[in-house]
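Source file: query-v6.txt. Holds: compact mmCIF, C-alpha atoms.
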# COMPACT_ATOMS: atom_id res chain seq x y z
CA MET A 297 78.94 39.62 132.25
CA VAL A 298 80.70 42.95 132.08
CA ARG A 299 78.29 45.81 131.80
CA LYS A 300 79.11 48.21 128.94
CA LYS A 301 79.94 51.67 130.13
CA VAL A 302 77.43 54.25 128.90
CA PRO A 303 79.01 57.65 128.10
CA SER A 304 77.73 60.38 130.35
CA GLU A 305 76.60 63.81 129.15
CA LEU A 306 79.99 65.18 130.21
CA ASP A 307 81.81 62.47 128.23
CA LYS A 308 79.79 63.25 125.13
CA ALA A 309 80.37 67.00 125.50
CA GLU A 310 84.11 66.55 126.01
CA ILE A 311 84.38 64.24 122.98
CA LYS A 312 82.52 66.75 120.84
CA LEU A 313 84.71 69.56 122.17
CA ARG A 314 87.88 67.62 121.33
CA THR A 315 86.55 66.95 117.84
CA ILE A 316 85.83 70.65 117.30
CA LEU A 317 89.26 71.64 118.63
CA ASP A 318 90.97 69.10 116.36
CA ARG A 319 89.01 70.42 113.38
CA ARG A 320 89.93 74.00 114.35
CA ASP A 321 93.64 73.11 114.64
CA SER A 322 93.53 71.30 111.31
CA LEU A 323 91.97 74.36 109.65
CA ASN A 324 94.55 76.61 111.28
CA ASP A 325 97.31 74.38 109.93
CA GLU A 326 95.74 74.54 106.48
CA ALA A 327 95.42 78.33 106.71
CA ASN A 328 99.08 78.64 107.74
CA ALA A 329 100.15 76.37 104.88
CA ARG A 330 98.21 78.48 102.36
CA ARG A 331 99.73 81.65 103.87
CA GLN A 332 103.25 80.24 103.53
CA GLU A 333 102.57 79.24 99.92
CA ARG A 334 101.20 82.74 99.27
CA ASP A 335 104.28 84.35 100.82
CA GLN A 336 106.58 82.13 98.75
CA LEU A 337 104.75 83.20 95.59
CA HIS A 338 105.06 86.85 96.64
CA GLU A 339 108.80 86.35 97.16
CA GLN A 340 109.13 84.83 93.68
CA LYS A 341 107.20 87.79 92.30
CA ARG A 342 109.50 90.20 94.17
CA VAL A 343 112.58 88.55 92.64
CA LEU A 344 111.04 88.80 89.17
CA ALA A 345 110.12 92.44 89.83
CA LEU A 346 113.75 93.24 90.70
CA GLU A 347 114.91 91.47 87.54
CA LEU A 348 112.28 93.35 85.51
CA ARG A 349 113.40 96.68 86.97
CA THR A 350 117.04 95.90 86.11
CA MET A 351 116.11 94.87 82.58
CA LYS A 352 113.95 97.96 82.17
CA ASP A 353 116.86 100.19 83.17
CA GLY A 354 119.11 98.30 80.75
CA GLN A 355 116.61 98.63 77.93
CA GLY A 356 116.26 102.33 78.71
CA ALA A 357 120.02 102.77 78.29
CA ILE A 358 119.87 100.82 75.00
CA VAL A 359 117.04 103.01 73.73
CA GLN A 360 118.92 106.18 74.66
CA GLU A 361 121.99 104.96 72.77
CA LEU A 362 119.80 103.95 69.82
CA ARG A 363 118.27 107.42 69.69
CA LYS A 364 121.72 109.02 69.64
CA HIS A 365 122.82 106.90 66.68
CA LYS A 366 119.51 107.47 64.91
CA ALA A 367 119.84 111.24 65.35
CA ALA A 368 123.43 111.11 64.05
CA ARG A 369 122.33 109.02 61.06
CA ASN A 370 119.48 111.38 60.22
CA GLU A 371 121.76 114.40 60.51
CA LEU A 372 124.35 112.86 58.17
CA GLN A 373 121.68 111.91 55.66
CA ALA A 374 120.22 115.42 55.79
CA LYS A 375 123.68 116.92 55.13
CA ALA A 376 124.21 114.50 52.23
CA LYS A 377 120.88 115.51 50.70
CA LYS A 378 121.82 119.17 50.92
CA LEU A 379 125.13 118.46 49.18
CA ILE A 380 123.26 116.54 46.48
CA GLU A 381 121.18 119.67 45.79
CA MET A 382 124.38 121.75 45.72
CA ARG A 383 125.99 119.30 43.29
CA ARG A 384 122.96 119.51 40.99
CA SER A 385 123.20 123.29 41.04
CA VAL A 386 126.94 123.26 40.34
CA ARG A 387 126.68 120.77 37.51
CA GLY A 388 123.82 122.77 36.06
CA LYS A 389 126.21 125.66 35.45
CA ALA A 390 128.42 123.60 33.15
CA LYS A 391 125.70 121.51 31.55
CA GLY A 392 125.89 121.59 27.76
CA ALA A 393 128.86 124.02 27.62
CA ARG A 394 131.32 121.66 25.90
CA VAL A 395 134.01 124.33 26.39
CA GLY A 396 136.85 121.82 26.07
CA SER A 397 136.09 120.72 22.49
CA SER A 398 135.36 124.28 21.34
CA LEU A 399 138.62 125.56 22.85
CA ALA A 400 140.66 122.80 21.23
CA SER A 401 139.12 123.54 17.84
CA LEU A 402 139.80 127.27 18.24
CA ARG A 403 143.41 126.65 19.22
CA ARG A 404 143.94 124.62 16.08
CA GLU A 405 142.44 127.46 14.05
CA VAL A 406 144.76 130.03 15.68
CA ALA A 407 147.78 127.80 15.04
CA ARG A 408 146.74 127.43 11.38
CA ILE A 409 146.38 131.19 10.93
CA GLU A 410 149.75 131.80 12.55
CA MET A 411 151.31 129.22 10.26
CA GLU A 412 149.76 130.84 7.17
CA GLN A 413 150.89 134.27 8.28
CA GLN A 414 154.45 132.98 8.67
CA THR A 415 154.75 130.72 5.64
CA ILE A 416 152.47 132.02 2.88
CA PRO A 417 153.47 135.18 0.96
CA MET A 418 150.56 137.62 0.75
CA LYS A 419 149.72 141.23 0.22
CA LEU A 420 149.78 143.64 3.08
CA SER A 421 146.06 144.04 3.03
CA GLU A 422 145.62 140.28 3.05
CA GLU A 423 148.08 139.94 5.87
CA ASN A 424 146.32 142.68 7.88
CA GLU A 425 143.02 140.94 7.31
CA LEU A 426 144.58 137.68 8.41
CA LEU A 427 146.03 139.34 11.52
CA ASP A 428 142.66 140.87 12.39
CA ASP A 429 141.12 137.43 12.09
CA LEU A 430 143.93 136.04 14.24
CA LYS A 431 143.37 138.67 16.92
CA ALA A 432 139.65 137.90 16.96
CA LYS A 433 140.34 134.20 17.27
CA VAL A 434 142.86 134.81 20.06
CA ARG A 435 140.34 136.97 21.98
CA GLU A 436 137.73 134.26 21.56
CA MET A 437 140.26 131.66 22.68
CA ARG A 438 141.08 133.69 25.82
CA GLU A 439 137.36 133.89 26.67
CA LEU A 440 136.99 130.17 26.20
CA GLU A 441 140.04 129.58 28.38
CA LYS A 442 138.36 131.59 31.12
CA GLU A 443 135.19 129.55 30.69
CA LYS A 444 137.29 126.43 30.71
CA GLY A 445 138.79 127.49 34.03
CA VAL A 446 135.32 128.07 35.44
CA GLU A 447 134.14 124.72 34.09
CA GLU A 448 137.13 122.92 35.59
CA GLN A 449 136.43 124.60 38.92
CA VAL A 450 132.80 123.52 38.68
CA PHE A 451 133.79 119.94 37.97
CA LYS A 452 136.32 120.07 40.80
CA GLU A 453 133.66 121.31 43.20
CA ALA A 454 131.23 118.67 41.95
CA LYS A 455 133.86 116.00 42.44
CA GLU A 456 134.58 117.23 45.95
CA LEU A 457 130.84 117.27 46.66
CA ASP A 458 130.55 113.71 45.38
CA ALA A 459 133.33 112.63 47.73
CA ALA A 460 131.73 114.50 50.64
CA ILE A 461 128.33 112.97 49.83
CA ASP A 462 129.81 109.46 49.68
CA ASP A 463 131.57 110.05 52.99
CA LEU A 464 128.37 111.30 54.63
CA PHE A 465 126.34 108.35 53.37
CA ALA A 466 129.05 105.91 54.47
CA ARG A 467 129.02 107.39 57.97
CA ALA A 468 125.22 107.41 57.93
CA ASP A 469 125.27 103.70 57.01
CA GLU A 470 127.55 103.01 59.98
CA GLU A 471 125.16 104.83 62.28
CA HIS A 472 122.24 102.96 60.74
CA ALA A 473 123.98 99.63 61.40
CA GLN A 474 124.28 100.67 65.06
CA VAL A 475 120.59 101.61 65.07
CA VAL A 476 119.60 98.20 63.68
CA ALA A 477 121.81 96.29 66.16
CA LEU A 478 120.55 98.31 69.12
CA SER A 479 116.97 98.00 67.92
CA GLU A 480 117.29 94.20 67.84
CA LYS A 481 118.84 94.27 71.30
CA ALA A 482 116.06 96.51 72.64
CA ASN A 483 113.39 94.27 71.08
CA ALA A 484 114.98 91.17 72.65
CA ALA A 485 114.98 92.92 76.04
CA TYR A 486 111.34 93.91 75.53
CA ASP A 487 110.38 90.30 74.71
CA LYS A 488 112.17 89.12 77.85
CA MET A 489 110.41 91.76 79.94
CA THR A 490 107.08 90.70 78.44
CA GLU A 491 107.80 87.12 79.53
CA LEU A 492 108.67 88.35 83.03
CA VAL A 493 105.47 90.39 83.24
CA GLN A 494 103.43 87.36 82.16
CA SER A 495 105.21 85.18 84.73
CA MET A 496 104.51 87.79 87.40
CA GLY A 497 100.85 87.80 86.37
CA VAL A 498 100.69 84.03 86.86
CA LEU A 499 102.37 84.33 90.27
CA ILE A 500 100.04 87.15 91.34
CA ALA A 501 96.96 85.15 90.29
CA GLU A 502 98.22 82.06 92.13
CA ALA A 503 99.14 84.14 95.21
CA ASP A 504 95.64 85.69 95.22
CA LYS A 505 94.16 82.19 95.03
CA LYS A 506 96.30 81.03 97.97
CA HIS A 507 95.35 84.15 99.91
CA ALA A 508 91.65 83.47 99.31
CA GLU A 509 92.14 79.86 100.45
CA HIS A 510 94.00 81.15 103.51
CA LEU A 511 91.15 83.50 104.41
CA GLU A 512 88.57 80.78 103.83
CA ALA A 513 90.41 78.27 106.07
CA ARG A 514 91.00 80.97 108.68
CA ALA A 515 87.29 81.89 108.70
CA LYS A 516 86.28 78.24 109.12
CA ALA A 517 88.85 77.87 111.92
CA ASP A 518 87.38 80.94 113.62
CA GLU A 519 83.91 79.39 113.35
CA GLN A 520 85.18 76.18 114.95
CA HIS A 521 86.95 78.19 117.62
CA GLN A 522 83.75 80.07 118.45
CA ALA A 523 81.84 76.79 118.60
CA ALA A 524 84.55 75.40 120.88
CA LEU A 525 84.25 78.39 123.20
CA GLU A 526 80.51 77.91 123.45
CA LEU A 527 80.82 74.16 124.03
CA ARG A 528 83.63 74.66 126.53
CA GLY A 529 81.23 76.76 128.61
CA LYS A 530 78.72 73.92 128.54
CA VAL A 531 81.42 71.40 129.52
CA VAL A 532 82.51 73.59 132.40
CA GLN A 533 78.90 73.89 133.50
CA ILE A 534 78.36 70.12 133.36
CA ARG A 535 81.68 69.46 135.03
CA GLY A 536 80.80 71.98 137.76
CA ALA A 537 77.50 70.24 138.41
CA ALA A 538 79.25 66.85 138.61
CA GLN A 539 81.85 68.20 140.96
CA ALA A 540 79.07 69.66 143.12
CA GLU A 541 77.46 66.24 143.34
CA VAL A 542 80.80 64.71 144.30
CA ARG A 543 81.30 67.32 146.96
CA GLU A 544 77.77 66.68 148.25
CA ALA A 545 78.42 62.93 148.39
CA ARG A 546 81.72 63.45 150.16
CA GLN A 547 79.96 65.75 152.63
CA ILE A 548 77.34 63.05 153.31
CA LEU A 549 80.06 60.46 153.88
CA LYS A 550 81.92 62.84 156.12
CA GLN A 551 78.78 63.50 158.16
CA GLN A 552 78.12 59.80 158.40
CA ARG A 553 81.67 59.13 159.61
CA GLN A 554 81.31 61.86 162.21
CA HIS A 555 78.00 60.44 163.38
CA VAL A 556 79.52 57.00 163.60
CA ARG A 557 82.35 58.26 165.69
CA ARG A 558 79.83 59.80 168.02
CA GLU A 559 78.17 56.44 168.31
CA LEU A 560 81.54 55.04 169.42
CA TYR A 561 82.15 53.22 166.18
CA ASP A 562 79.12 50.97 166.45
CA GLU A 563 79.70 48.55 163.56
CA LYS A 564 76.00 47.87 163.06
CA LYS A 565 75.12 51.52 162.84
CA LEU A 566 78.16 52.11 160.66
CA ASP A 567 76.89 49.52 158.18
CA GLU A 568 73.43 51.05 158.24
CA PHE A 569 74.77 54.54 157.62
CA ALA A 570 77.01 53.30 154.79
CA ALA A 571 74.10 51.53 153.15
CA LYS A 572 71.99 54.67 153.34
CA ALA A 573 74.83 56.74 151.86
CA VAL A 574 75.23 54.35 148.96
CA GLU A 575 71.49 54.32 148.41
CA SER A 576 71.46 58.11 148.38
CA LEU A 577 74.24 58.21 145.79
CA LEU A 578 72.53 55.68 143.58
CA LYS A 579 69.37 57.76 143.57
CA LYS A 580 71.30 60.78 142.25
CA GLY A 581 72.82 58.81 139.40
CA LYS A 582 76.34 57.82 138.53
CA VAL A 583 79.05 60.14 139.82
CA GLU A 584 82.56 60.21 138.34
CA ILE A 585 85.35 61.94 140.20
CA ARG A 586 87.91 63.39 137.77
CA GLY A 587 91.37 64.55 138.76

Would you mind writing the file's structure down as structure tokens?
Amino acid sequence: MVRKKVPSELDKAEIKLRTILDRRDSLNDEANARRQERDQLHEQKRVLALELRTMKDGQGAIVQELRKHKAARNELQAKAKKLIEMRRSVRGKAKGARVGSSLASLRREVARIEMEQQTIPMKLSEENELLDDLKAKVREMRELEKEKGVEEQVFKEAKELDAAIDDLFARADEEHAQVVALSEKANAAYDKMTELVQSMGVLIAEADKKHAEHLEARAKADEQHQAALELRGKVVQIRGAAQAEVREARQILKQQRQHVRRELYDEKKLDEFAAKAVESLLKKGKVEIRG
């Protein structure tokens, strides 16, 4: 019957040491894996940060352009409002004058008087009276003609103001259309940047988690490494003691061989010495010689 080998103290210590070292290496591998995952997440975040910076610069340019068009629109609208006030003032000068109808009526009256003076026989006094009336009508007509000229100028200015106002509002509308288009573009860029910031937040949170896992695995690996160092010292101590026993046994055998030689290789004594050496070794316990 084969006798089952019983592990020695050194065997047990070495097995435990190997187990601790394997656990340490496994934890180191896990820590390195978490570190690589963390670094990959940081790289993804860096790429998004570059994209965000580019988009931010682009949005800044859009906003600057938008502000220019908005300023131009506001300036055109302000000018149009000023012209509207001027038009109201100009039209107020001619409001209710009705010079045209009055002048036409007066011209007909002057023509009638001239016709009477030329075609109807009358006394000198009547004719002089008629001429005085004609002169008065003519003077009144000349005044109305002047007023008519002023009124026509007023209407001309008002018409020109209307055209200028329409032009200003048309240009302001064009600028406003640019403002609206650029505003939509800027808002779209802002929404995209918001998405990028949120994605970066997710990456940062995940990277922090991986970093914490890396530190945790590294700390556990360090604990196992420290335990391995302590156990290695014990193994070395046990191994040293075993090697000392082997050296002692070898020294005994060597002494026995030397003694035997001195006894001229007496086989009987040689057997006795060998038996004693074996007995001595057995008393000290099992000795394993490791290479």

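Across the model, the gap from atom CA of Ala460 of chain A to atom CA of Glu443 of chain A is 25.2 Å.
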
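Taking all atoms listed in the file, the non-local environment of Ala407 of chain A within 12 Å (same-chain residues fewer than 4 positions away omitted) comprises Ala400, Ser401, Leu402, Arg403, Met411, Glu412, Gln413, Gln414, Leu430, Lys431, Lys433, Val434 and Met437 of chain A.
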
Could you save those same residues with C-alpha atoms as a short mmCIF file (atom, residue, chain, number, x, y, z; two decimals), keeping the file's coordinate frame?
data_model
loop_
_atom_site.label_atom_id
_atom_site.label_comp_id
_atom_site.auth_asym_id
_atom_site.auth_seq_id
_atom_site.Cartn_x
_atom_site.Cartn_y
_atom_site.Cartn_z
CA ALA A 400 140.66 122.80 21.23
CA SER A 401 139.12 123.54 17.84
CA LEU A 402 139.80 127.27 18.24
CA ARG A 403 143.41 126.65 19.22
CA MET A 411 151.31 129.22 10.26
CA GLU A 412 149.76 130.84 7.17
CA GLN A 413 150.89 134.27 8.28
CA GLN A 414 154.45 132.98 8.67
CA LEU A 430 143.93 136.04 14.24
CA LYS A 431 143.37 138.67 16.92
CA LYS A 433 140.34 134.20 17.27
CA VAL A 434 142.86 134.81 20.06
CA MET A 437 140.26 131.66 22.68
#

When you look at segment 472-486 of chain A with a cut-off of 9 Å (counting all atoms listed in the file), what residues show up, excluding the ones that are within fewer than 4 positions of it in the same chain? I need them as a list in words.
Met351, Lys352, Gly354, Gln355, Gly356, Ile358, Val359, Glu361, Leu362, Arg363, Lys364, His365, Lys366, Ala368, Arg369, Asn370, Arg467, Ala468, Thr490 and Glu491 of chain A

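What separates atom CA of Thr315 of chain A from atom CA of Gly529 of chain A is a distance of 15.5 Å.
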
Which residues, written as a ChimeraX atom specification, have at least one atom at most 12 Å from Arg314 of chain A, with all atoms listed in the file counted and residues fewer than 6 positions away on the same chain left out?
/A:307-308,320-321,520-521,523-525,527-528,531

Only C-alpha atoms, please: the residues just picked out, written as an mmCIF file, in the frame of the given file.
data_model
loop_
_atom_site.group_PDB
_atom_site.id
_atom_site.type_symbol
_atom_site.label_atom_id
_atom_site.label_comp_id
_atom_site.auth_asym_id
_atom_site.auth_seq_id
_atom_site.Cartn_x
_atom_site.Cartn_y
_atom_site.Cartn_z
ATOM 1 C CA ASP A 307 81.810 62.470 128.230
ATOM 2 C CA LYS A 308 79.790 63.250 125.130
ATOM 3 C CA ARG A 320 89.930 74.000 114.350
ATOM 4 C CA ASP A 321 93.640 73.110 114.640
ATOM 5 C CA GLN A 520 85.180 76.180 114.950
ATOM 6 C CA HIS A 521 86.950 78.190 117.620
ATOM 7 C CA ALA A 523 81.840 76.790 118.600
ATOM 8 C CA ALA A 524 84.550 75.400 120.880
ATOM 9 C CA LEU A 525 84.250 78.390 123.200
ATOM 10 C CA LEU A 527 80.820 74.160 124.030
ATOM 11 C CA ARG A 528 83.630 74.660 126.530
ATOM 12 C CA VAL A 531 81.420 71.400 129.520
#

Provide segment 320-346 of chain A rebuilt to N, CA and C atoms, formatted as a PDB file, in the coordinates of the input.
ATOM      1  N   ARG A 320      89.416  72.622 114.357  1.00  0.00           N
ATOM      2  CA  ARG A 320      89.930  74.000 114.350  1.00  0.00           C
ATOM      3  C   ARG A 320      91.438  74.019 114.105  1.00  0.00           C
ATOM      4  N   ASP A 321      92.180  73.157 114.804  1.00  0.00           N
ATOM      5  CA  ASP A 321      93.640  73.110 114.640  1.00  0.00           C
ATOM      6  C   ASP A 321      94.025  72.694 113.227  1.00  0.00           C
ATOM      7  N   SER A 322      93.266  71.740 112.682  1.00  0.00           N
ATOM      8  CA  SER A 322      93.530  71.300 111.310  1.00  0.00           C
ATOM      9  C   SER A 322      93.321  72.453 110.319  1.00  0.00           C
ATOM     10  N   LEU A 323      92.244  73.218 110.518  1.00  0.00           N
ATOM     11  CA  LEU A 323      91.970  74.360 109.650  1.00  0.00           C
ATOM     12  C   LEU A 323      93.018  75.450 109.820  1.00  0.00           C
ATOM     13  N   ASN A 324      93.478  75.636 111.052  1.00  0.00           N
ATOM     14  CA  ASN A 324      94.550  76.610 111.280  1.00  0.00           C
ATOM     15  C   ASN A 324      95.833  76.186 110.578  1.00  0.00           C
ATOM     16  N   ASP A 325      96.127  74.886 110.635  1.00  0.00           N
ATOM     17  CA  ASP A 325      97.310  74.380 109.930  1.00  0.00           C
ATOM     18  C   ASP A 325      97.183  74.598 108.427  1.00  0.00           C
ATOM     19  N   GLU A 326      95.973  74.333 107.917  1.00  0.00           N
ATOM     20  CA  GLU A 326      95.740  74.540 106.480  1.00  0.00           C
ATOM     21  C   GLU A 326      95.877  76.015 106.123  1.00  0.00           C
ATOM     22  N   ALA A 327      95.319  76.894 106.969  1.00  0.00           N
ATOM     23  CA  ALA A 327      95.420  78.330 106.710  1.00  0.00           C
ATOM     24  C   ALA A 327      96.878  78.781 106.725  1.00  0.00           C
ATOM     25  N   ASN A 328      97.664  78.281 107.678  1.00  0.00           N
ATOM     26  CA  ASN A 328      99.080  78.640 107.740  1.00  0.00           C
ATOM     27  C   ASN A 328      99.842  78.129 106.525  1.00  0.00           C
ATOM     28  N   ALA A 329      99.496  76.921 106.069  1.00  0.00           N
ATOM     29  CA  ALA A 329     100.150  76.370 104.880  1.00  0.00           C
ATOM     30  C   ALA A 329      99.853  77.217 103.651  1.00  0.00           C
ATOM     31  N   ARG A 330      98.572  77.629 103.497  1.00  0.00           N
ATOM     32  CA  ARG A 330      98.210  78.480 102.360  1.00  0.00           C
ATOM     33  C   ARG A 330      98.910  79.848 102.463  1.00  0.00           C
ATOM     34  N   ARG A 331      99.044  80.356 103.679  1.00  0.00           N
ATOM     35  CA  ARG A 331      99.730  81.650 103.870  1.00  0.00           C
ATOM     36  C   ARG A 331     101.204  81.527 103.485  1.00  0.00           C
ATOM     37  N   GLN A 332     101.848  80.433 103.887  1.00  0.00           N
ATOM     38  CA  GLN A 332     103.250  80.240 103.530  1.00  0.00           C
ATOM     39  C   GLN A 332     103.427  80.104 102.019  1.00  0.00           C
ATOM     40  N   GLU A 333     102.518  79.371 101.382  1.00  0.00           N
ATOM     41  CA  GLU A 333     102.570  79.240  99.920  1.00  0.00           C
ATOM     42  C   GLU A 333     102.373  80.601  99.256  1.00  0.00           C
ATOM     43  N   ARG A 334     101.435  81.389  99.795  1.00  0.00           N
ATOM     44  CA  ARG A 334     101.200  82.740  99.270  1.00  0.00           C
ATOM     45  C   ARG A 334     102.452  83.593  99.413  1.00  0.00           C
ATOM     46  N   ASP A 335     103.081  83.542 100.587  1.00  0.00           N
ATOM     47  CA  ASP A 335     104.280  84.350 100.820  1.00  0.00           C
ATOM     48  C   ASP A 335     105.426  83.915  99.918  1.00  0.00           C
ATOM     49  N   GLN A 336     105.539  82.614  99.669  1.00  0.00           N
ATOM     50  CA  GLN A 336     106.580  82.130  98.750  1.00  0.00           C
ATOM     51  C   GLN A 336     106.341  82.658  97.336  1.00  0.00           C
ATOM     52  N   LEU A 337     105.093  82.666  96.914  1.00  0.00           N
ATOM     53  CA  LEU A 337     104.750  83.200  95.590  1.00  0.00           C
ATOM     54  C   LEU A 337     105.048  84.698  95.529  1.00  0.00           C
ATOM     55  N   HIS A 338     104.747  85.414  96.602  1.00  0.00           N
ATOM     56  CA  HIS A 338     105.060  86.850  96.640  1.00  0.00           C
ATOM     57  C   HIS A 338     106.563  87.080  96.574  1.00  0.00           C
ATOM     58  N   GLU A 339     107.343  86.217  97.211  1.00  0.00           N
ATOM     59  CA  GLU A 339     108.800  86.350  97.160  1.00  0.00           C
ATOM     60  C   GLU A 339     109.305  86.099  95.750  1.00  0.00           C
ATOM     61  N   GLN A 340     108.752  85.083  95.077  1.00  0.00           N
ATOM     62  CA  GLN A 340     109.130  84.830  93.680  1.00  0.00           C
ATOM     63  C   GLN A 340     108.781  86.036  92.809  1.00  0.00           C
ATOM     64  N   LYS A 341     107.613  86.613  93.062  1.00  0.00           N
ATOM     65  CA  LYS A 341     107.200  87.790  92.300  1.00  0.00           C
ATOM     66  C   LYS A 341     108.144  88.963  92.561  1.00  0.00           C
ATOM     67  N   ARG A 342     108.579  89.111  93.824  1.00  0.00           N
ATOM     68  CA  ARG A 342     109.500  90.200  94.170  1.00  0.00           C
ATOM     69  C   ARG A 342     110.827  90.050  93.442  1.00  0.00           C
ATOM     70  N   VAL A 343     111.324  88.804  93.360  1.00  0.00           N
ATOM     71  CA  VAL A 343     112.580  88.550  92.640  1.00  0.00           C
ATOM     72  C   VAL A 343     112.421  88.903  91.168  1.00  0.00           C
ATOM     73  N   LEU A 344     111.294  88.484  90.579  1.00  0.00           N
ATOM     74  CA  LEU A 344     111.040  88.800  89.170  1.00  0.00           C
ATOM     75  C   LEU A 344     110.899  90.311  88.966  1.00  0.00           C
ATOM     76  N   ALA A 345     110.294  90.989  89.937  1.00  0.00           N
ATOM     77  CA  ALA A 345     110.120  92.440  89.830  1.00  0.00           C
ATOM     78  C   ALA A 345     111.476  93.147  89.837  1.00  0.00           C
ATOM     79  N   LEU A 346     112.399  92.672  90.678  1.00  0.00           N
ATOM     80  CA  LEU A 346     113.750  93.240  90.700  1.00  0.00           C
ATOM     81  C   LEU A 346     114.450  93.005  89.365  1.00  0.00           C
TER      82      LEU A 346
END
